[in-house]
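This report refers to the structure that appears directly beneath it.
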Amino acid sequence: HDIKIGTIADLIEYRSRTESLIEDMGANTIKTEWGEFVQHIFTDTLTGETHLALVKGNPHPENETLVRVHEPFSAMDFLVKDPKHSWSLPDTLRKINNADCGVVILLHRTEDGTALLNRALPHKNTPFQWDSKTYGIGAQILARLNVRKMRVMGNPSAMNSLNGFGLEIMGFETNGE
């Protein structure tokens, strides 16, 4: 039937070349308790939410970059170790600061009073619902920051469509607490 056949990765790669779901709002250097980072600010063009990327060193496409994508980002992440996250935010920032090069993506998701209550009182906690739309946002931010080869700080999992964004997972870094 002369039908062209493509993969989902091909479609993602095409769309990531021709469309962007993020707008780069600027960058500045910040000093944290865990070290100095360059903070990049991105706005999600669909939701208007603001996402942050804290970068240590200079990501280069040929070099492996230590990466943690943290979602949802909340003030609670600095106060308690959330069992839904494989790495706490303080542990993540400490590890990235000790690396030659690393990126922490903090994906914001609006947290209303009920969501904050559920996170603050674990015994009332409801199951975490991961928002798959943020997957592409995080991938676009990493690509914009010149990350290509990465070692992901998290539990091993299949992330098959990342190659459509030009990203390659070289391995996983589990938190050995």
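Every chain in the structure tokens takes a letter, A first, then B, and so on in the order presented; its residues are numbered from 1, and the ligands are numbered from 1 following the presented order.
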Subject >> Within 8 Å of Trp87 (chain A) using only C-alpha atoms, minus same-chain residues under 2 positions, as number ranges by chain >> reply: A: 85, 89, 91-92, 153-154, 174-175
Would you save the residues of that selection, restricted to N, CA and C atoms, as a CSV table (one decimal), in the first residue's frame?
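part-v8.csv was written with the following content:
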chain,number,residue,atom,x,y,z
A,85,HIS,N,10.3,8.7,46.5
A,85,HIS,CA,11.5,9.1,45.7
A,85,HIS,C,12.7,8.2,46.1
A,89,LEU,N,16.1,14.9,48.0
A,89,LEU,CA,16.7,16.1,47.3
A,89,LEU,C,18.0,16.5,47.9
A,91,ASP,N,20.2,14.5,49.4
A,91,ASP,CA,21.2,13.5,49.0
A,91,ASP,C,21.6,13.7,47.5
A,92,THR,N,20.6,14.0,46.7
A,92,THR,CA,20.8,14.2,45.3
A,92,THR,C,21.7,15.4,45.0
A,153,MET,N,20.1,8.9,38.3
A,153,MET,CA,20.0,8.7,39.7
A,153,MET,C,18.6,8.2,40.0
A,154,GLY,N,18.4,6.9,40.1
A,154,GLY,CA,17.1,6.3,40.4
A,154,GLY,C,17.2,4.8,40.2
A,174,THR,N,21.9,3.9,42.1
A,174,THR,CA,20.9,3.7,43.1
A,174,THR,C,21.4,4.3,44.4
A,175,ASN,N,20.5,4.7,45.3
A,175,ASN,CA,20.9,5.4,46.5
A,175,ASN,C,21.3,4.2,47.5
Original post:
Could you pull the residues within 8 Å of region 33-36 of chain A, counting only C-alpha atoms, minus those fewer than 5 positions along the same chain, as JSON, numbers by chain?
Top reply: {"A": [56, 90, 93, 94, 97]}
Once you have the residues from the selection above, write them out as a PDB file, in the first residue's frame, restricted to N, CA and C atoms.
ATOM      1  N   LYS A  56      25.706  21.335  37.562  1.00  0.00           N
ATOM      2  CA  LYS A  56      27.083  21.388  38.061  1.00  0.00           C
ATOM      3  C   LYS A  56      27.987  21.005  36.897  1.00  0.00           C
ATOM      4  N   PRO A  90      18.162  16.522  49.267  1.00  0.00           N
ATOM      5  CA  PRO A  90      19.489  16.832  49.811  1.00  0.00           C
ATOM      6  C   PRO A  90      20.569  15.831  49.382  1.00  0.00           C
ATOM      7  N   LEU A  93      21.472  16.538  45.692  1.00  0.00           N
ATOM      8  CA  LEU A  93      22.311  17.734  45.502  1.00  0.00           C
ATOM      9  C   LEU A  93      23.733  17.492  45.998  1.00  0.00           C
ATOM     10  N   ARG A  94      23.872  16.768  47.093  1.00  0.00           N
ATOM     11  CA  ARG A  94      25.199  16.444  47.625  1.00  0.00           C
ATOM     12  C   ARG A  94      25.974  15.589  46.617  1.00  0.00           C
ATOM     13  N   ASN A  97      26.876  17.606  43.468  1.00  0.00           N
ATOM     14  CA  ASN A  97      27.943  18.567  43.768  1.00  0.00           C
ATOM     15  C   ASN A  97      29.313  17.885  43.807  1.00  0.00           C
TER      16      ASN A  97
END
Subject >> Shell of 12 Å around Leu11 (chain A), only C-alpha atoms, local chain residues under 3 positions omitted, as a list in words >> reply: Ile5, Gly6, Thr7, Ile8, Tyr14, Arg15, Ser16, Arg17, Thr18, Glu19, Ser161, Leu162, Asn163, Gly164 and Phe165 of chain A
